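Student: One structure, as structure tokens, below. Some questions next.
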Amino acid sequence: MTAGATRYRVSHRTRYTYSAPVSHGQTITHLVPRSTATQVVVAAALSSDPAPDHRSEYTDCFGNQVTYLAFEEPHHAVELTATSEVLVGPFAWPTASPPWEEVVATLETDRTTAGIEARMCRTPSAMVTWPPEAQDLARGAFRPGRPLHDAVAELTARIHREFRFDQSATDVSTPVGDVLARRRGVCQDFAHLAIACCRSLGLAARYVSGYLETLPAPGRPKLVGADASHAWFAVYLPGWGWFDADPTNDQAPPRRHVTVAWGRDYADVAPARGVVFGPATMQELDVAVDVASS
Amino acid sequence: MTVQDHVVGGYRPIGRFDELVDDRGRVRPAWSDALGVLGAPDRGELDRRRNEAERLLAGAGATYALDDRRGQWRIDPLPYLVAGGDWDRLAAGLTQRARLLEAYLTDLRGLRRSLTTGTVPVELAFGPFGLPLTTLEVPGSGRPLVRYGAWVVRGEDGRFVVLRDRTDDPDGAAVALVHRSTLSRLVPGALRRLGVRPQSAWFAALRDALGALAPAGVDSPRAVVLGPARGTPGSFEASYLAGQLGYHLADADDLAVRSGRVWLRSIEGPEPVDVVLRCVGDDGADPLELRSRRGVPGLLHAVRNAAVGLANPLGSAAADDPALCAYLPALCQLLLGEDLALAATPTWWFGDPRHRNVALGRAGELVIHERGDRDAARTTLGWHLDPRDLDQLRRRIERDPGRFVAQERLALGSTPVHGPSGIEPGQVILQALAVAAGADGWSVLPGGVARVIDAGRPLLAQRDAVAKDVWVLGGRSAESRPVRLRTAPQVDLRLSLPSRAAEGLYWVGRNAERAEAAARLGLVIGGRLEAEPDLADDDGGAWAVAVDAALRAVSGGSGAPAAQRTGEPAAELAAAIDGRPGSLDDSLGHLLQTAGAVREYLSTTTWRVLASLSTDRAALAEAASAGPGAIADRLERVSFGLAALAGLAQESTVRGPGWRFLDLGRRLERALCLLNAIEAAIVEPVPDAVLPSVLETFLQGWECLVAYRRLHRSDIEPDAALELLLLDDTNPRSVAFQVDRMAEHLGVLPHRPGTAPGASLHGAAEAVLGTAPSDLARTGYSGRRDRLCDFVLTVRGGLLAEAAAITETWFSTPGTAHRLRQELA
């Protein structure tokens, strides 16, 4: 796999600052990249300042690396730094696929191990519920009889074309319905929207969290989503597997993407989520991501 | 015509099957015996028994909260009878269902045969109402299901049918216990004469099951009951259960996950917790990993570490799903190799394409449930809808089919209930309970809670309907035989006290004392006004001005400056008992509320007293406008109740830290009330001629007039009276006595290192010791009693500083939980 693979160094720094000290806190992170069929993690580390009083690592049901950190002493700030070195080969993409309706029918009774896991990603989930309009959008791309992979590519292109990237428009919990209504959003919104469109038709679609390398070469547009975590989606083709697409950048398959984790939606794989105890009324979150290929 | 004929003569069964009479109208044997033992009560007798039962229930604290006048708990004085043979068949069927659902939860986390065989759709098992994926890799340390419950009805063919399984937080055990003890008192001896199966062995089995959940290597597990927020529905169940099992009650804020395990906030610092009896749903368990709104952040992580056992384990709610009912017959064959013993209600899940069209077509004759709607609040009865509403429902279902479930409408049998004309036919739904026993067994509670169905509502939406106790008759079965249970070694919890309970008891003490001060002083003032109507105007109203000020000081109008003195005792009295913050009504309200929060520490007798205080409190508002005499009458009743409460606290409470906090609150408030009242009434000049009669009112209000007369055999001398009230450490009503008791408690109570309770009290104690009685009544140039004023300020300052130290030392919390912001991708 090293042939044609690109080596990336990623650094992801997450800093929480509290206006008053918190007495203790716990954080669950999805910050360490996983290995995939086309990605090898050469080295990865997650450090924390202050050092956690309790730390444990485990693999969740999707196979993602999870780190749990607990801070027992009063503190003003926490800084988490994840660094990794990964080899990423080209994302696989099917060259042919059955009509999408056929895929839906196959999924209905798919009892293979992979199929059962895919079907966990067919229903509404914590952050992916949808109004009827999602299916209208989907039908524009999923015309009757169209091969699944073609339709997914078109859905990806349509979202890119019809929706505007706008960081002021959303926050981490914006529902799909709002994104549809306002026609704008950020990477995770577009990923959630694409997932909602696919699931509204009965397909299995999942959320992928990761990074994107920016190319500062002159004359070329700077890709959006470079300085933070990135997100895209993947669709399941029975007998073949999952294939990824990035609606924010209209890439099907994605290029220059590093995968960290996947799940049903953002809530399954949020880079960091946590609860702290204290009088803190204000908290500041500052994130810096750097992705470099060599 | 027999007595029984007389009682049931007009009884006409509703459906084809009735439990009282058979097809030919003859009373069935079980009810024939029961009517004999219960004395064949007629309408008037049943009404009387119901009122008595409801009075007893209130005495048990069986309301949502004692100060909540809405939460009326209604009970039918007639039990719901089940013959032993019928019950044994039901219990065997419930045991099978519990085994089945347990096997299902295990299967989802293991081989997933339910899914690979296509028996249960994946979308049901892991979808939005299925097993939370975060619990997939966290099997927990014990069995995947520990407590099981079911909603059961009896169909028109007499067979029991399970409407719904309950595997999240199957409540009802405490309620069943309370109903049983209530009904047993209505007709003494009835339970024994009818051979009703006892329930105590089941509670022992519950305790045993919880003990078995302790993490490996823990010999003396510490268990707590995790209850919902106090005062909410369900908090009675949790606190009563905690009291019965002898465990601490905690709500989410009392527990914390630190160093990978669960801790209870206690007065000595955090105490480890090994087992949690969860009386909240998954949605109230862990906001960190289960997206619960409330809960203990990190609870799931502690389970993952095998550092705590939960009953029920997290994720068990996945088996509590009406959609699953559609697949249970096949699942039972698959996982247990057996036929489902209890009739299953025909069920369709709209999320299954094979079911969807059938159920959509028949929606108008089916019951439509929404998944995740535990109380059936959104259940729709299809036959109640007109064509337009039905169409709208179909469109809602088509938009999100996975959310909806349809069930066949059931025709029920009938059973005797207490109605307006005496014994009438009614229909009931039964809440049954079971607990895991041993490695793979189940123990079914012989009994449960039945509800008389309100026919217009969905069968499952009967939570606040009239309750019936369930009596299982005769035929001793395995459950009723005395079982020799493994005795779990227990930690001696006598010295352990959760911070929350300490704080609650302290405030019960303070509120009770505050109420008592207002009630007594009001009683004395009202009584004197009634006896000597002219007193209010004597000496230019000086007595009235002074006692008014004192009354204000203990009833929420604290320390009014002289200019605002009213001197209208009747009006002041009315305001003092009802109508402003700090009034007697208000203090009693707080007393009842704080008592509700520490229910498990208070005896049944204490609850009876509190219930009667609640009744007396309700009558206060009425009395307020009826003049001093009527007010004094009311206040006398309230004073008796409060005196009984104080007596119980002294004579029926083990002298552990809980009692000390209760007493600490009492002592502190008693001293503060007296100091405030003295300051308000006497520091400012009171004519010499009136002072003795003002002090006499004080002596009477603080219960030491008799003592004064015995000591001095004279008229009231200000020096001697003030000495008795403030400095005499043998008078249990004096300030000196309260300071001594507080110092004693503070010296004994355990506390965290680095805190020094009692330090602030020294100043107050020194002031008490260093003040000469003769100084107190002396007036300065201005006519003010400066020494008395100094005394009040110094002692009160010390008491208030100590109160702040008590809060800081024992009750302070680490702040509230805040979710971290999340990065936008």
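Naming scheme: A, B, ... for chains in displayed order of the structure tokens; residues 1 onward per chain; ligands 1 onward as shown.
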Residues of region 85-265 of chain A classed as strand (DSSP E or B) by DSSP on the backbone are to be reported as a PyMOL selection string.
Tutor: chain A and resi 85-88+99+125+128+147+164-165+184-185+205-212+230-237+241-246+251+257-263
Student: Taking N, CA and C atoms for each residue, export the selection above as a CSV table (one decimal), in the first residue's frame.
Tutor:
chain,number,residue,atom,x,y,z
A,85,GLU,N,1.4,10.4,12.4
A,85,GLU,CA,2.1,10.3,11.1
A,85,GLU,C,1.3,9.1,10.4
A,86,VAL,N,0.7,9.4,9.3
A,86,VAL,CA,-0.1,8.3,8.6
A,86,VAL,C,0.3,8.2,7.1
A,87,LEU,N,0.2,7.0,6.6
A,87,LEU,CA,0.4,6.8,5.2
A,87,LEU,C,-1.0,6.6,4.6
A,88,VAL,N,-1.3,7.4,3.6
A,88,VAL,CA,-2.7,7.4,3.1
A,88,VAL,C,-2.6,7.0,1.6
A,99,PRO,N,-28.3,-0.6,-9.6
A,99,PRO,CA,-29.2,0.5,-9.3
A,99,PRO,C,-29.4,0.7,-7.8
A,125,SER,N,-30.4,9.1,13.5
A,125,SER,CA,-29.6,9.0,14.7
A,125,SER,C,-29.6,10.3,15.4
A,128,VAL,N,-28.8,13.1,13.0
A,128,VAL,CA,-29.3,13.0,11.6
A,128,VAL,C,-30.7,12.6,11.6
A,147,PRO,N,-27.1,3.7,-11.1
A,147,PRO,CA,-26.1,3.0,-10.3
A,147,PRO,C,-25.8,3.8,-9.0
A,164,ARG,N,-24.1,26.9,0.4
A,164,ARG,CA,-22.9,27.8,0.5
A,164,ARG,C,-22.2,27.5,1.8
A,165,PHE,N,-20.8,27.4,1.7
A,165,PHE,CA,-20.0,27.2,2.9
A,165,PHE,C,-20.1,28.5,3.7
A,184,ARG,N,-27.1,26.7,3.6
A,184,ARG,CA,-25.7,27.0,4.0
A,184,ARG,C,-25.3,26.2,5.2
A,185,GLY,N,-24.0,26.1,5.4
A,185,GLY,CA,-23.5,25.3,6.5
A,185,GLY,C,-22.0,25.1,6.4
A,205,ALA,N,-25.5,5.1,5.3
A,205,ALA,CA,-24.5,6.1,5.1
A,205,ALA,C,-24.0,6.5,6.5
A,206,ARG,N,-22.6,6.7,6.5
A,206,ARG,CA,-22.0,7.1,7.8
A,206,ARG,C,-21.2,8.3,7.7
A,207,TYR,N,-20.9,8.8,8.9
A,207,TYR,CA,-20.2,10.1,9.0
A,207,TYR,C,-18.7,9.8,9.2
A,208,VAL,N,-17.8,10.5,8.5
A,208,VAL,CA,-16.4,10.3,8.7
A,208,VAL,C,-15.7,11.6,9.2
A,209,SER,N,-14.9,11.5,10.2
A,209,SER,CA,-14.3,12.6,10.7
A,209,SER,C,-12.8,12.5,10.5
A,210,GLY,N,-12.1,13.6,10.1
A,210,GLY,CA,-10.7,13.6,9.8
A,210,GLY,C,-10.2,14.9,9.4
A,211,TYR,N,-9.2,14.9,8.6
A,211,TYR,CA,-8.5,16.2,8.2
A,211,TYR,C,-8.3,16.2,6.7
A,212,LEU,N,-8.0,17.4,6.3
A,212,LEU,CA,-7.8,17.7,4.9
A,212,LEU,C,-6.5,18.5,4.7
A,230,HIS,N,-12.1,18.1,9.8
A,230,HIS,CA,-12.9,18.1,8.6
A,230,HIS,C,-13.9,16.9,8.7
A,231,ALA,N,-14.9,16.9,7.8
A,231,ALA,CA,-15.9,15.8,7.9
A,231,ALA,C,-16.5,15.5,6.5
A,232,TRP,N,-16.7,14.3,6.2
A,232,TRP,CA,-17.4,13.9,5.0
A,232,TRP,C,-18.2,12.7,5.2
A,233,PHE,N,-18.7,12.0,4.2
A,233,PHE,CA,-19.5,10.8,4.5
A,233,PHE,C,-19.1,9.6,3.6
A,234,ALA,N,-19.7,8.5,3.9
A,234,ALA,CA,-19.4,7.3,3.2
A,234,ALA,C,-20.7,6.5,3.0
A,235,VAL,N,-20.8,5.7,1.9
A,235,VAL,CA,-22.0,5.0,1.6
A,235,VAL,C,-21.7,3.5,1.5
A,236,TYR,N,-22.6,2.6,1.9
A,236,TYR,CA,-22.3,1.2,1.9
A,236,TYR,C,-22.8,0.5,0.7
A,237,LEU,N,-22.0,-0.2,0.0
A,237,LEU,CA,-22.4,-1.0,-1.2
A,237,LEU,C,-22.2,-2.5,-0.8
A,241,GLY,N,-18.4,-2.8,-0.1
A,241,GLY,CA,-17.9,-2.1,1.1
A,241,GLY,C,-18.3,-0.6,1.1
A,242,TRP,N,-17.6,0.2,1.9
A,242,TRP,CA,-17.9,1.6,2.0
A,242,TRP,C,-17.1,2.4,1.0
A,243,PHE,N,-17.7,3.4,0.5
A,243,PHE,CA,-16.9,4.4,-0.3
A,243,PHE,C,-17.2,5.8,0.1
A,244,ASP,N,-16.2,6.6,0.1
A,244,ASP,CA,-16.3,8.0,0.7
A,244,ASP,C,-16.5,9.1,-0.3
A,245,ALA,N,-17.1,10.1,0.1
A,245,ALA,CA,-17.3,11.3,-0.8
A,245,ALA,C,-17.3,12.6,0.1
A,246,ASP,N,-16.8,13.7,-0.4
A,246,ASP,CA,-16.7,14.9,0.3
A,246,ASP,C,-17.5,16.0,-0.3
A,251,GLN,N,-15.6,16.2,-3.9
A,251,GLN,CA,-14.7,15.2,-4.2
A,251,GLN,C,-15.3,13.8,-4.0
A,257,HIS,N,-7.2,13.4,2.0
A,257,HIS,CA,-8.0,13.3,3.3
A,257,HIS,C,-7.3,12.3,4.2
A,258,VAL,N,-7.2,12.6,5.5
A,258,VAL,CA,-6.8,11.7,6.5
A,258,VAL,C,-8.0,11.4,7.4
A,259,THR,N,-8.2,10.1,7.6
A,259,THR,CA,-9.4,9.6,8.3
A,259,THR,C,-9.0,9.5,9.8
A,260,VAL,N,-9.9,10.0,10.7
A,260,VAL,CA,-9.7,9.7,12.2
A,260,VAL,C,-10.6,8.7,12.7
A,261,ALA,N,-11.9,8.9,12.4
A,261,ALA,CA,-12.9,8.0,13.0
A,261,ALA,C,-14.2,8.1,12.2
A,262,TRP,N,-15.1,7.0,12.3
A,262,TRP,CA,-16.4,7.1,11.7
A,262,TRP,C,-17.5,6.6,12.6
A,263,GLY,N,-18.7,7.0,12.3
A,263,GLY,CA,-19.8,6.6,13.2
A,263,GLY,C,-21.1,7.0,12.5
Student: Compile the contact shell of Ala542 (chain B) as a list in words: residues with an atom at most 7 Å away, counting only C-alpha atoms, same-chain residues fewer than 3 positions apart removed.
Tutor: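 Contacts, with the query itself left out: Asp539, Val545, Ala546, Val686 and Val690 of chain B.
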Student: Write out as JSON lines the residues of chain A that have any atom within 7 Å of an atom of chain B, one row each with the nearest atom pair and its distance in Å to one decimal, counting only C-alpha atoms, sorted by chain and then rising number.
Tutor:
{"residue": "A:Ser23", "atom": "CA", "partner": "B:Pro814", "partner_atom": "CA", "distance": 6.3}
{"residue": "A:His54", "atom": "CA", "partner": "B:Ser259", "partner_atom": "CA", "distance": 5.8}
{"residue": "A:Cys61", "atom": "CA", "partner": "B:Glu137", "partner_atom": "CA", "distance": 6.6}
{"residue": "A:Glu72", "atom": "CA", "partner": "B:Arg258", "partner_atom": "CA", "distance": 6.9}
{"residue": "A:Arg111", "atom": "CA", "partner": "B:Thr116", "partner_atom": "CA", "distance": 4.9}
{"residue": "A:Thr112", "atom": "CA", "partner": "B:Thr116", "partner_atom": "CA", "distance": 6.9}
{"residue": "A:Ile116", "atom": "CA", "partner": "B:Val122", "partner_atom": "CA", "distance": 6.4}
{"residue": "A:Arg119", "atom": "CA", "partner": "B:Val122", "partner_atom": "CA", "distance": 6.3}
{"residue": "A:Met120", "atom": "CA", "partner": "B:Phe126", "partner_atom": "CA", "distance": 5.9}
{"residue": "A:Thr123", "atom": "CA", "partner": "B:Gly127", "partner_atom": "CA", "distance": 5.8}
{"residue": "A:Pro124", "atom": "CA", "partner": "B:Pro128", "partner_atom": "CA", "distance": 6.4}
{"residue": "A:Ser125", "atom": "CA", "partner": "B:Pro128", "partner_atom": "CA", "distance": 5.7}
{"residue": "A:Pro132", "atom": "CA", "partner": "B:Arg399", "partner_atom": "CA", "distance": 6.9}
{"residue": "A:Asp171", "atom": "CA", "partner": "B:Leu824", "partner_atom": "CA", "distance": 6.6}
{"residue": "A:Val172", "atom": "CA", "partner": "B:Leu824", "partner_atom": "CA", "distance": 5.3}
{"residue": "A:Cys187", "atom": "CA", "partner": "B:Ala825", "partner_atom": "CA", "distance": 5.8}
{"residue": "A:Gln188", "atom": "CA", "partner": "B:Ala825", "partner_atom": "CA", "distance": 5.3}
{"residue": "A:Ala228", "atom": "CA", "partner": "B:Ala825", "partner_atom": "CA", "distance": 6.4}
{"residue": "A:Ser229", "atom": "CA", "partner": "B:Ala825", "partner_atom": "CA", "distance": 4.8}
{"residue": "A:His230", "atom": "CA", "partner": "B:Ala825", "partner_atom": "CA", "distance": 4.9}
{"residue": "A:Ala231", "atom": "CA", "partner": "B:Ala825", "partner_atom": "CA", "distance": 6.0}
{"residue": "A:Ala272", "atom": "CA", "partner": "B:Gln822", "partner_atom": "CA", "distance": 6.5}
{"residue": "A:Arg273", "atom": "CA", "partner": "B:Leu820", "partner_atom": "CA", "distance": 6.1}
{"residue": "A:Gly274", "atom": "CA", "partner": "B:Leu820", "partner_atom": "CA", "distance": 5.1}
{"residue": "A:Val275", "atom": "CA", "partner": "B:Arg819", "partner_atom": "CA", "distance": 4.4}
{"residue": "A:Val276", "atom": "CA", "partner": "B:His818", "partner_atom": "CA", "distance": 5.3}
{"residue": "A:Phe277", "atom": "CA", "partner": "B:Ala817", "partner_atom": "CA", "distance": 4.5}
{"residue": "A:Gly278", "atom": "CA", "partner": "B:Gly815", "partner_atom": "CA", "distance": 4.1}
{"residue": "A:Pro279", "atom": "CA", "partner": "B:Gly815", "partner_atom": "CA", "distance": 5.2}
{"residue": "A:Leu285", "atom": "CA", "partner": "B:Arg821", "partner_atom": "CA", "distance": 6.8}
Student: I'd like the neighbourhood of Ser555 (chain B) as a VMD selection string, where a residue qualifies if any of its atoms comes within 12 Å (using only C-alpha atoms), though same-chain residues fewer than 5 positions away should be ignored.
Tutor: chain B and resid 511 513 to 522 548 to 550 560 572 to 588 673 to 674 676 to 677
Student: One number please: CA of Gly474 (chain B) to CA of Val82 (chain B), in Å, one decimal.
Tutor: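 Interatomic distance, CA of Gly474 (chain B) to CA of Val82 (chain B): 9.4 Å.
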Student: From the set A:Leu137, A:Val10, A:Ile28, A:Ala70, which residue has the shortest atom-to-atom contact distance to Val42 (chain A), counting only C-alpha atoms?
Tutor: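 The answer is A:Val10, which sits nearest to Val42 (chain A).
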Student: Quick one, how far is CA of Ala306 (chain B) from CA of Arg34 (chain A)?
Tutor: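 Distance between the two atoms: 25.7 Å.
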Student: Near Ala153 (chain A), counting only C-alpha atoms, which residues have an atom at most 9 Å away, once you skip same-chain residues fewer than 6 positions from it, shown as an NGL selection string?
Tutor: :A and (141 or 245 or 247 or 250-253)
Student: Identify, on the basis of only C-alpha atoms, every residue whose closest approach to Thr170 (chain A) does not exceed 8 Å; exclude the query and any residue fewer than 4 positions from it along the same chain; express the result as a list in words.
Tutor: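 Residues near the query, excluding close chain neighbours: Asp166, Thr174, Gly185 and Val186 of chain A.
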Student: Restricting the output to C-alpha atoms, write the selected residues as an mmCIF file, in the first residue's frame.
Tutor:
data_model
loop_
_atom_site.group_PDB
_atom_site.id
_atom_site.type_symbol
_atom_site.label_atom_id
_atom_site.label_comp_id
_atom_site.auth_asym_id
_atom_site.auth_seq_id
_atom_site.Cartn_x
_atom_site.Cartn_y
_atom_site.Cartn_z
ATOM 1 C CA ASP A 166 -20.705 29.683 5.761
ATOM 2 C CA THR A 174 -27.506 22.516 13.812
ATOM 3 C CA GLY A 185 -23.480 25.346 6.498
ATOM 4 C CA VAL A 186 -20.063 23.843 7.185
#
Student: Would you return as a PyMOL selection string the members of region 173-224 of chain B that DSSP assigns to alpha helix (DSSP H) on this structure's backbone?
Tutor: chain B and resi 173-186+190-194+200-211
Student: Using only C-alpha atoms, which protein or nucleic acid residues come within 12 Å of region 78-81 of chain A? Drop anything in the same chain fewer than 2 positions from it, and give the result as a PDB file with C-alpha atoms, in the first residue's frame.
Tutor:
ATOM      1  CA  VAL A  10      -0.908  15.873  11.529  1.00  0.00           C
ATOM      2  CA  SER A  11      -0.991  18.009  14.602  1.00  0.00           C
ATOM      3  CA  HIS A  12      -4.328  18.803  16.255  1.00  0.00           C
ATOM      4  CA  ARG A  13      -4.281  21.069  19.287  1.00  0.00           C
ATOM      5  CA  THR A  14      -7.447  21.627  21.338  1.00  0.00           C
ATOM      6  CA  ARG A  15      -7.349  24.159  24.149  1.00  0.00           C
ATOM      7  CA  TYR A  16     -10.096  24.835  26.701  1.00  0.00           C
ATOM      8  CA  THR A  17      -9.744  27.912  28.924  1.00  0.00           C
ATOM      9  CA  TYR A  18     -12.153  28.557  31.790  1.00  0.00           C
ATOM     10  CA  PRO A  21     -11.102  27.281  37.805  1.00  0.00           C
ATOM     11  CA  VAL A  22     -13.068  24.053  37.451  1.00  0.00           C
ATOM     12  CA  HIS A  24     -12.644  18.374  38.053  1.00  0.00           C
ATOM     13  CA  GLY A  25     -13.619  17.173  34.633  1.00  0.00           C
ATOM     14  CA  GLN A  26     -13.776  14.288  32.196  1.00  0.00           C
ATOM     15  CA  THR A  27     -13.201  14.255  28.464  1.00  0.00           C
ATOM     16  CA  ILE A  28     -13.779  11.627  25.817  1.00  0.00           C
ATOM     17  CA  THR A  29     -11.802  12.126  22.639  1.00  0.00           C
ATOM     18  CA  HIS A  30     -11.666  10.733  19.138  1.00  0.00           C
ATOM     19  CA  LEU A  31      -8.344  12.355  18.278  1.00  0.00           C
ATOM     20  CA  VAL A  32      -6.126   9.416  17.370  1.00  0.00           C
ATOM     21  CA  ALA A  44       0.220   8.554  16.895  1.00  0.00           C
ATOM     22  CA  ALA A  45       0.232  10.174  20.311  1.00  0.00           C
ATOM     23  CA  LEU A  46      -2.137  12.219  22.390  1.00  0.00           C
ATOM     24  CA  SER A  47      -0.666  14.419  25.104  1.00  0.00           C
ATOM     25  CA  SER A  48      -2.387  16.606  27.622  1.00  0.00           C
ATOM     26  CA  ASP A  49      -1.425  19.591  29.726  1.00  0.00           C
ATOM     27  CA  PRO A  50      -2.078  19.301  32.609  1.00  0.00           C
ATOM     28  CA  ALA A  51      -1.417  15.575  32.592  1.00  0.00           C
ATOM     29  CA  PRO A  52      -4.639  13.658  33.283  1.00  0.00           C
ATOM     30  CA  THR A  67      -9.157   8.122  24.776  1.00  0.00           C
ATOM     31  CA  TYR A  68     -10.825   8.930  28.091  1.00  0.00           C
ATOM     32  CA  LEU A  69      -9.145  11.551  30.261  1.00  0.00           C
ATOM     33  CA  ALA A  70     -10.071  12.633  33.774  1.00  0.00           C
ATOM     34  CA  PHE A  71      -8.679  15.685  35.557  1.00  0.00           C
ATOM     35  CA  GLU A  73      -7.465  18.726  40.457  1.00  0.00           C
ATOM     36  CA  PRO A  74      -8.711  22.294  40.033  1.00  0.00           C
ATOM     37  CA  HIS A  75      -7.484  23.756  36.747  1.00  0.00           C
ATOM     38  CA  HIS A  76      -7.944  26.808  34.540  1.00  0.00           C
ATOM     39  CA  THR A  83       0.118  14.252  16.695  1.00  0.00           C
ATOM     40  CA  SER A  84       0.268  11.508  14.150  1.00  0.00           C
ATOM     41  CA  PRO A 271     -13.060  15.105  18.527  1.00  0.00           C
ATOM     42  CA  ALA A 272     -13.610  15.994  22.186  1.00  0.00           C
ATOM     43  CA  GLY A 274     -16.672  16.414  28.113  1.00  0.00           C
ATOM     44  CA  VAL A 276     -16.470  19.805  33.895  1.00  0.00           C
ATOM     45  CA  GLN A 283     -15.258  28.676  28.527  1.00  0.00           C
ATOM     46  CA  GLU A 284     -13.169  29.307  25.483  1.00  0.00           C
ATOM     47  CA  LEU A 285     -12.332  26.692  22.899  1.00  0.00           C
ATOM     48  CA  ASP A 286      -9.394  27.198  20.642  1.00  0.00           C
ATOM     49  CA  VAL A 287      -8.461  24.643  17.998  1.00  0.00           C
ATOM     50  CA  ALA A 288      -5.491  24.558  15.661  1.00  0.00           C
ATOM     51  CA  VAL A 289      -4.930  21.857  13.065  1.00  0.00           C
ATOM     52  CA  ASP A 290      -1.912  21.460  10.892  1.00  0.00           C
TER      53      ASP A 290
ATOM     54  CA  LEU B 820     -17.548  21.367  27.182  1.00  0.00           C
TER      55      LEU B 820
END
Student: Just the residues within 7 Å of region 332-342 of chain B, please, counting only C-alpha atoms, with nothing from its chain fewer than 5 positions along; format it as a ChimeraX atom specification.
Tutor: /B:93,100,103,160-161
Student: Could you dump the residues just selected with C-alpha atoms as an mmCIF file, in the first residue's frame?
Tutor:
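This is the output file again.cif:
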data_model
loop_
_atom_site.group_PDB
_atom_site.id
_atom_site.type_symbol
_atom_site.label_atom_id
_atom_site.label_comp_id
_atom_site.auth_asym_id
_atom_site.auth_seq_id
_atom_site.Cartn_x
_atom_site.Cartn_y
_atom_site.Cartn_z
ATOM 1 C CA GLY B 93 -44.715 -16.677 31.940
ATOM 2 C CA LEU B 100 -35.894 -14.053 26.971
ATOM 3 C CA ALA B 103 -30.914 -13.501 26.443
ATOM 4 C CA PHE B 160 -53.192 -12.925 31.133
ATOM 5 C CA VAL B 161 -51.683 -10.823 28.341
#
Student: For a test of reading the model, state the distance in Å between CA of Tyr247 (chain B) and CA of Val224 (chain B), rounded to one decimal.
Tutor: 5.3 Å
